[in-house]
Amino acid sequence: MKSNRIVKEKIKKIYFKKYELKKKLLKSLKNNKNIDLNKNVYASWKLNKLFRKKIKVEKSICLVSGRQRGIWRFCSLSRHQLNSKLKDGNLINCKSSSW
């Protein structure tokens with residue numbers, strides 16, 4: 001199950017990168033009032049025909065374990081995986097605090 005989540009997340013990121021630039025360009029053309037009406041309509045039509053599946057990644061998941069809760073943004077690891085990486089010394093310039 002955890003590997004399934006990781007694969008799905010990677011596929012979503014690929015599609016997001018593929019379509020995001022095209023989507024922003026078409027939105028700017030659609031909202032631009034200085035160009036002809038035909039180009040605005042064409043940009044709007046193309047934007048509607050774009051990949052409709054929800055591409056944007058809503059929840060971040062751990063890249064190692066697939067866990068959805070307790071994710072650190074700077075490394076995309078869950079708190080458990082982050083702690084184990086810190087203990088092994090795999091993360092540079094980070095220290096694990098213990099009391």
# chains A, B, ... in the order shown; residues from 1 in each chain; ligands from 1
$ select_by_dssp --residues "chain A" --states "helix (DSSP H, G or I)" --output "PyMOL selection string"
chain A and resi 2-31+37-49+79-88
$ write_last_selection --atoms "N, CA and C atoms" --output "compact mmCIF listing (two decimals), in the first residue's frame"
# COMPACT_ATOMS: atom_id res chain seq x y z
N LYS A 2 1.96 1.22 0.78
CA LYS A 2 2.78 2.42 0.84
C LYS A 2 3.50 2.67 -0.48
N SER A 3 3.91 1.63 -1.18
CA SER A 3 4.58 1.82 -2.47
C SER A 3 3.60 2.34 -3.51
N ASN A 4 2.34 1.94 -3.39
CA ASN A 4 1.29 2.42 -4.28
C ASN A 4 1.13 3.93 -4.16
N ARG A 5 1.13 4.43 -2.94
CA ARG A 5 0.99 5.87 -2.70
C ARG A 5 2.17 6.63 -3.29
N ILE A 6 3.36 6.08 -3.10
CA ILE A 6 4.56 6.76 -3.59
C ILE A 6 4.55 6.84 -5.11
N VAL A 7 4.16 5.76 -5.76
CA VAL A 7 4.09 5.75 -7.23
C VAL A 7 3.05 6.74 -7.73
N LYS A 8 1.88 6.77 -7.09
CA LYS A 8 0.83 7.71 -7.49
C LYS A 8 1.29 9.14 -7.31
N GLU A 9 2.01 9.41 -6.22
CA GLU A 9 2.50 10.76 -5.97
C GLU A 9 3.51 11.18 -7.04
N LYS A 10 4.38 10.28 -7.44
CA LYS A 10 5.36 10.60 -8.47
C LYS A 10 4.69 10.87 -9.81
N ILE A 11 3.66 10.10 -10.14
CA ILE A 11 2.92 10.32 -11.39
C ILE A 11 2.22 11.67 -11.36
N LYS A 12 1.61 12.02 -10.22
CA LYS A 12 0.95 13.33 -10.10
C LYS A 12 1.93 14.47 -10.29
N LYS A 13 3.13 14.34 -9.73
CA LYS A 13 4.14 15.40 -9.87
C LYS A 13 4.59 15.55 -11.31
N ILE A 14 4.71 14.43 -12.03
CA ILE A 14 5.10 14.49 -13.44
C ILE A 14 4.04 15.23 -14.25
N TYR A 15 2.76 14.87 -14.06
CA TYR A 15 1.68 15.54 -14.78
C TYR A 15 1.59 17.01 -14.41
N PHE A 16 1.82 17.32 -13.13
CA PHE A 16 1.76 18.70 -12.69
C PHE A 16 2.81 19.54 -13.41
N LYS A 17 4.04 19.04 -13.49
CA LYS A 17 5.10 19.76 -14.18
C LYS A 17 4.79 19.90 -15.67
N LYS A 18 4.20 18.87 -16.25
CA LYS A 18 3.94 18.86 -17.67
C LYS A 18 2.89 19.90 -18.07
N TYR A 19 1.84 20.03 -17.29
CA TYR A 19 0.72 20.86 -17.68
C TYR A 19 0.69 22.24 -17.03
N GLU A 20 1.51 22.48 -16.01
CA GLU A 20 1.39 23.73 -15.26
C GLU A 20 1.78 24.94 -16.10
N LEU A 21 2.87 24.86 -16.85
CA LEU A 21 3.30 26.00 -17.66
C LEU A 21 2.29 26.32 -18.75
N LYS A 22 1.79 25.27 -19.40
CA LYS A 22 0.79 25.46 -20.44
C LYS A 22 -0.49 26.09 -19.88
N LYS A 23 -0.87 25.64 -18.70
CA LYS A 23 -2.08 26.14 -18.06
C LYS A 23 -1.94 27.62 -17.69
N LYS A 24 -0.78 28.01 -17.15
CA LYS A 24 -0.57 29.42 -16.78
C LYS A 24 -0.56 30.31 -18.01
N LEU A 25 0.06 29.85 -19.10
CA LEU A 25 0.10 30.62 -20.33
C LEU A 25 -1.29 30.84 -20.90
N LEU A 26 -2.09 29.78 -20.94
CA LEU A 26 -3.46 29.90 -21.46
C LEU A 26 -4.33 30.79 -20.58
N LYS A 27 -4.14 30.72 -19.26
CA LYS A 27 -4.91 31.59 -18.37
C LYS A 27 -4.57 33.05 -18.59
N SER A 28 -3.29 33.34 -18.80
CA SER A 28 -2.90 34.73 -19.03
C SER A 28 -3.44 35.24 -20.36
N LEU A 29 -3.46 34.37 -21.38
CA LEU A 29 -4.05 34.77 -22.67
C LEU A 29 -5.55 34.99 -22.56
N LYS A 30 -6.18 34.15 -21.78
CA LYS A 30 -7.63 34.26 -21.62
C LYS A 30 -8.01 35.55 -20.89
N ASN A 31 -7.22 35.95 -19.92
CA ASN A 31 -7.54 37.14 -19.12
C ASN A 31 -7.00 38.44 -19.71
N LEU A 37 -10.60 39.13 -29.58
CA LEU A 37 -11.59 38.27 -28.95
C LEU A 37 -11.41 36.82 -29.40
N ASN A 38 -11.02 36.63 -30.67
CA ASN A 38 -10.83 35.27 -31.18
C ASN A 38 -9.75 34.53 -30.41
N LYS A 39 -8.65 35.23 -30.12
CA LYS A 39 -7.56 34.58 -29.39
C LYS A 39 -7.97 34.28 -27.95
N ASN A 40 -8.75 35.18 -27.35
CA ASN A 40 -9.25 34.92 -26.00
C ASN A 40 -10.14 33.67 -25.97
N VAL A 41 -11.03 33.58 -26.93
CA VAL A 41 -11.95 32.44 -26.99
C VAL A 41 -11.18 31.15 -27.25
N TYR A 42 -10.19 31.23 -28.15
CA TYR A 42 -9.38 30.04 -28.45
C TYR A 42 -8.60 29.59 -27.21
N ALA A 43 -8.04 30.55 -26.47
CA ALA A 43 -7.29 30.20 -25.25
C ALA A 43 -8.22 29.59 -24.22
N SER A 44 -9.42 30.11 -24.10
CA SER A 44 -10.40 29.57 -23.17
C SER A 44 -10.80 28.15 -23.56
N TRP A 45 -11.00 27.93 -24.85
CA TRP A 45 -11.36 26.61 -25.35
C TRP A 45 -10.25 25.60 -25.10
N LYS A 46 -8.99 26.01 -25.37
CA LYS A 46 -7.85 25.12 -25.14
C LYS A 46 -7.69 24.80 -23.66
N LEU A 47 -7.96 25.80 -22.80
CA LEU A 47 -7.85 25.60 -21.36
C LEU A 47 -8.88 24.59 -20.88
N ASN A 48 -10.07 24.62 -21.46
CA ASN A 48 -11.11 23.65 -21.09
C ASN A 48 -10.77 22.25 -21.58
N LYS A 49 -10.06 22.15 -22.70
CA LYS A 49 -9.72 20.84 -23.24
C LYS A 49 -8.50 20.21 -22.59
N ARG A 79 8.18 12.18 10.22
CA ARG A 79 9.00 12.41 11.41
C ARG A 79 9.76 11.16 11.81
N HIS A 80 9.19 9.99 11.56
CA HIS A 80 9.88 8.74 11.90
C HIS A 80 11.09 8.52 11.01
N GLN A 81 10.91 8.71 9.71
CA GLN A 81 12.01 8.53 8.77
C GLN A 81 13.08 9.59 8.98
N LEU A 82 12.65 10.82 9.28
CA LEU A 82 13.60 11.90 9.54
C LEU A 82 14.46 11.57 10.75
N ASN A 83 13.84 11.06 11.79
CA ASN A 83 14.57 10.71 13.00
C ASN A 83 15.58 9.59 12.73
N SER A 84 15.17 8.60 11.96
CA SER A 84 16.10 7.50 11.67
C SER A 84 17.26 7.97 10.77
N LYS A 85 16.98 8.87 9.82
CA LYS A 85 18.05 9.42 8.97
C LYS A 85 19.02 10.27 9.79
N LEU A 86 18.48 11.03 10.75
CA LEU A 86 19.34 11.84 11.60
C LEU A 86 20.24 10.97 12.47
N LYS A 87 19.70 9.88 12.99
CA LYS A 87 20.50 8.98 13.83
C LYS A 87 21.62 8.33 13.03
N ASP A 88 21.33 8.01 11.76
CA ASP A 88 22.36 7.39 10.91
C ASP A 88 23.38 8.40 10.42
$ atom_distance --atom1 "CA of Lys95 (chain A)" --atom2 "CA of Ser65 (chain A)"
21.2 Å
$ closest_residue --among "A:Leu91, A:Ile61, A:Ile35, A:Leu50" --to "Leu77 (chain A)" --atoms "only C-alpha atoms"
A:Ile61
